[in-house]
Amino acid sequence: MPSFSVAKAEVRDNFDYEKLGFVWNGIRTPMEEFYSLTERPGFLRLKLRPQGLVDALKPPSMSLSSDENREYVIDHPSFIGRRQQHMNFRVTVKMEFNPQNDYETAGLALVQNNNFQYRFESSLVDGQKIIRLIKCTSKTEMEYHKRTFSFENYETKLAEHAFYSDVIYLKITARGQDYSFFYGDTFEEMKLLLDQVDGRILNPDSAGGFVGTYIGMFASSNGKTSDNTADFDWFDYHDSSYDSIKQGV
């Protein structure tokens with residue numbers, strides 16, 4: 001066979017084209033348009049939709065019958081993400097977002113599934129703009145012989161800080177299982193929100209499944225209707241596996 005080469009993926013996506021690259025994915029089949037690359041050229045615009053990233057879990061089928069009613073539908077969230085490809089990485093995004101209500105959120109998410117995730121988000125609390133980090137896990141109990149199923153989602157606010165700028169830089173770094181979260185109104189002067197956050201909730205041993213972790217941009221109005229949007233100027237994904245070697249660590 002003739003030889004061929006694959007171009008190395010760019011670190012930064014500036015969203016300068018009218019279509020997303022193949023590296024990007026959403027969650028579920030979209031029932032309506034939730035993003036645009038043309039409404040504001042050079043930006044990925046996400047529309048705030050009522051569906052959030054966390055789901056109410058559906059009981060599995062307890063019947064052997066194929067006639068069971070399966071009309072249960074979960075809507076798709078406004079999420080555009082890519083796979084985590086390296087144990088050590090750095091993700092940075094430039095976002096413009098002005099929340100109008102405390103149910104409006106947008107930012108970056110680390111998603112193992114819809115019930116095990118970290119959300120690094122901008123929102124409002126008592127009329128004040130904030131940046132916060134939310135950890136989401138769930139507990140499921142199922143007994144087939146009793147035909148019972150129960151679950152509970154747990155959301156924990158790990159950190160929160162007042163932040164007034166509509167232009168927001170968010171950065172997540174990972175070294176193995178340790179994640180660190182930074183924010184700022186300039187690329188050069190980002191502040192640490194929280195360091196050495198345990199990433200093991202994103203491991204299939206904790207969350208189940210086998211698809212790996214996705215890292216992406218999201219926007220939600222969390223059960224409410226909203227006409228607001230979040231604009232993402234660019235997204236960087238950098239393999240930092242060899243950074244420590246280059247720095248002589």
# chains A, B, ... in the order shown; residues from 1 in each chain; ligands from 1

call {"tool": "select_by_dssp", "arguments": {"residues": "stretch 1-243 of chain A", "states": "strand (DSSP E)", "output": "ChimeraX atom specification"}}
result
/A:12-13,35-36,44-47,78-83,88-96,105-113,116-125,128-143,148-162,167-175,178-184,191-198,214-220,229-239

call {"tool": "residues_around", "arguments": {"residues": "A:Met95", "least_positions_apart": "3", "cutoff": "9 Å", "atoms": "only C-alpha atoms", "output": "number ranges by chain"}}
result
A: 106-107, 166-170, 230-234

call {"tool": "closest_residue", "arguments": {"among": "A:Leu44, A:Met217, A:Ile172, A:Met31", "to": "A:Arg82", "atoms": "only C-alpha atoms"}}
result
A:Met217

call {"tool": "residues_around", "arguments": {"residues": "A:Asn101", "least_positions_apart": "6", "cutoff": "8 Å", "atoms": "only C-alpha atoms", "output": "CSV table (one decimal) with all heavy atoms, in the first residue's frame"}}
result
chain,number,residue,atom,x,y,z
A,123,SER,N,-21.6,32.0,36.4
A,123,SER,CA,-23.0,32.1,36.7
A,123,SER,C,-23.2,33.4,37.5
A,123,SER,O,-22.3,34.2,37.7
A,123,SER,CB,-23.6,30.9,37.4
A,123,SER,OG,-25.0,30.9,37.4
A,124,LEU,N,-24.4,33.5,38.1
A,124,LEU,CA,-24.8,34.5,39.0
A,124,LEU,C,-25.2,33.9,40.4
A,124,LEU,O,-25.9,32.9,40.4
A,124,LEU,CB,-26.0,35.3,38.5
A,124,LEU,CG,-25.8,36.4,37.4
A,124,LEU,CD1,-27.1,37.1,37.1
A,124,LEU,CD2,-24.7,37.4,37.8
A,127,GLY,N,-27.2,38.0,42.3
A,127,GLY,CA,-26.9,39.1,41.4
A,127,GLY,C,-25.5,39.4,41.2
A,127,GLY,O,-25.1,40.3,40.5

call {"tool": "residues_around", "arguments": {"residues": "A:Asn222", "least_positions_apart": "2", "cutoff": "9 Å", "atoms": "only C-alpha atoms", "output": "PDB file with N, CA, C and O atoms, in the first residue's frame"}}
result
ATOM      1  N   LEU A  48     -28.114  28.778  25.320  1.00  0.00           N
ATOM      2  CA  LEU A  48     -28.514  28.235  26.605  1.00  0.00           C
ATOM      3  C   LEU A  48     -29.856  27.527  26.441  1.00  0.00           C
ATOM      4  O   LEU A  48     -30.839  28.143  26.030  1.00  0.00           O
ATOM      5  N   ARG A  49     -29.873  26.247  26.747  1.00  0.00           N
ATOM      6  CA  ARG A  49     -31.081  25.440  26.632  1.00  0.00           C
ATOM      7  C   ARG A  49     -31.435  24.871  28.005  1.00  0.00           C
ATOM      8  O   ARG A  49     -30.573  24.716  28.866  1.00  0.00           O
ATOM      9  N   PRO A  50     -32.711  24.505  28.216  1.00  0.00           N
ATOM     10  CA  PRO A  50     -33.115  24.003  29.527  1.00  0.00           C
ATOM     11  C   PRO A  50     -32.375  22.741  29.972  1.00  0.00           C
ATOM     12  O   PRO A  50     -32.149  22.544  31.163  1.00  0.00           O
ATOM     13  N   GLN A  51     -32.005  21.875  29.028  1.00  0.00           N
ATOM     14  CA  GLN A  51     -31.330  20.640  29.394  1.00  0.00           C
ATOM     15  C   GLN A  51     -29.933  20.941  29.934  1.00  0.00           C
ATOM     16  O   GLN A  51     -29.146  21.643  29.312  1.00  0.00           O
ATOM     17  N   GLY A  52     -29.632  20.410  31.113  1.00  0.00           N
ATOM     18  CA  GLY A  52     -28.299  20.520  31.684  1.00  0.00           C
ATOM     19  C   GLY A  52     -27.463  19.301  31.352  1.00  0.00           C
ATOM     20  O   GLY A  52     -27.883  18.416  30.595  1.00  0.00           O
ATOM     21  N   LEU A  53     -26.278  19.226  31.945  1.00  0.00           N
ATOM     22  CA  LEU A  53     -25.396  18.091  31.694  1.00  0.00           C
ATOM     23  C   LEU A  53     -25.698  16.900  32.587  1.00  0.00           C
ATOM     24  O   LEU A  53     -25.279  15.782  32.300  1.00  0.00           O
ATOM     25  N   TYR A 103     -29.846  30.790  37.162  1.00  0.00           N
ATOM     26  CA  TYR A 103     -29.938  29.472  36.537  1.00  0.00           C
ATOM     27  C   TYR A 103     -29.162  29.386  35.226  1.00  0.00           C
ATOM     28  O   TYR A 103     -29.082  28.323  34.621  1.00  0.00           O
ATOM     29  N   GLU A 104     -28.576  30.490  34.769  1.00  0.00           N
ATOM     30  CA  GLU A 104     -27.797  30.487  33.534  1.00  0.00           C
ATOM     31  C   GLU A 104     -26.326  30.200  33.843  1.00  0.00           C
ATOM     32  O   GLU A 104     -25.722  30.876  34.678  1.00  0.00           O
ATOM     33  N   THR A 105     -25.777  29.204  33.154  1.00  0.00           N
ATOM     34  CA  THR A 105     -24.388  28.809  33.369  1.00  0.00           C
ATOM     35  C   THR A 105     -23.723  28.500  32.031  1.00  0.00           C
ATOM     36  O   THR A 105     -24.381  28.102  31.067  1.00  0.00           O
ATOM     37  N   SER A 220     -26.087  26.248  29.672  1.00  0.00           N
ATOM     38  CA  SER A 220     -27.387  25.716  30.076  1.00  0.00           C
ATOM     39  C   SER A 220     -28.175  26.763  30.854  1.00  0.00           C
ATOM     40  O   SER A 220     -27.603  27.588  31.565  1.00  0.00           O
ATOM     41  N   LYS A 224     -34.952  26.134  32.742  1.00  0.00           N
ATOM     42  CA  LYS A 224     -35.696  27.356  32.422  1.00  0.00           C
ATOM     43  C   LYS A 224     -35.489  27.695  30.948  1.00  0.00           C
ATOM     44  O   LYS A 224     -34.546  27.233  30.312  1.00  0.00           O
ATOM     45  N   THR A 225     -36.353  28.533  30.408  1.00  0.00           N
ATOM     46  CA  THR A 225     -36.158  29.027  29.046  1.00  0.00           C
ATOM     47  C   THR A 225     -35.254  30.255  29.091  1.00  0.00           C
ATOM     48  O   THR A 225     -35.300  31.045  30.044  1.00  0.00           O
TER      49      THR A 225
END

call {"tool": "closest_residue", "arguments": {"among": "A:Tyr164, A:Tyr214, A:Phe89, A:Phe187", "to": "A:Tyr118", "atoms": "only C-alpha atoms"}}
result
A:Tyr214

call {"tool": "select_by_dssp", "arguments": {"residues": "stretch 6-248 of chain A", "states": "alpha helix (DSSP H)", "output": "PyMOL selection string"}}
result
chain A and resi 204-207+243-246
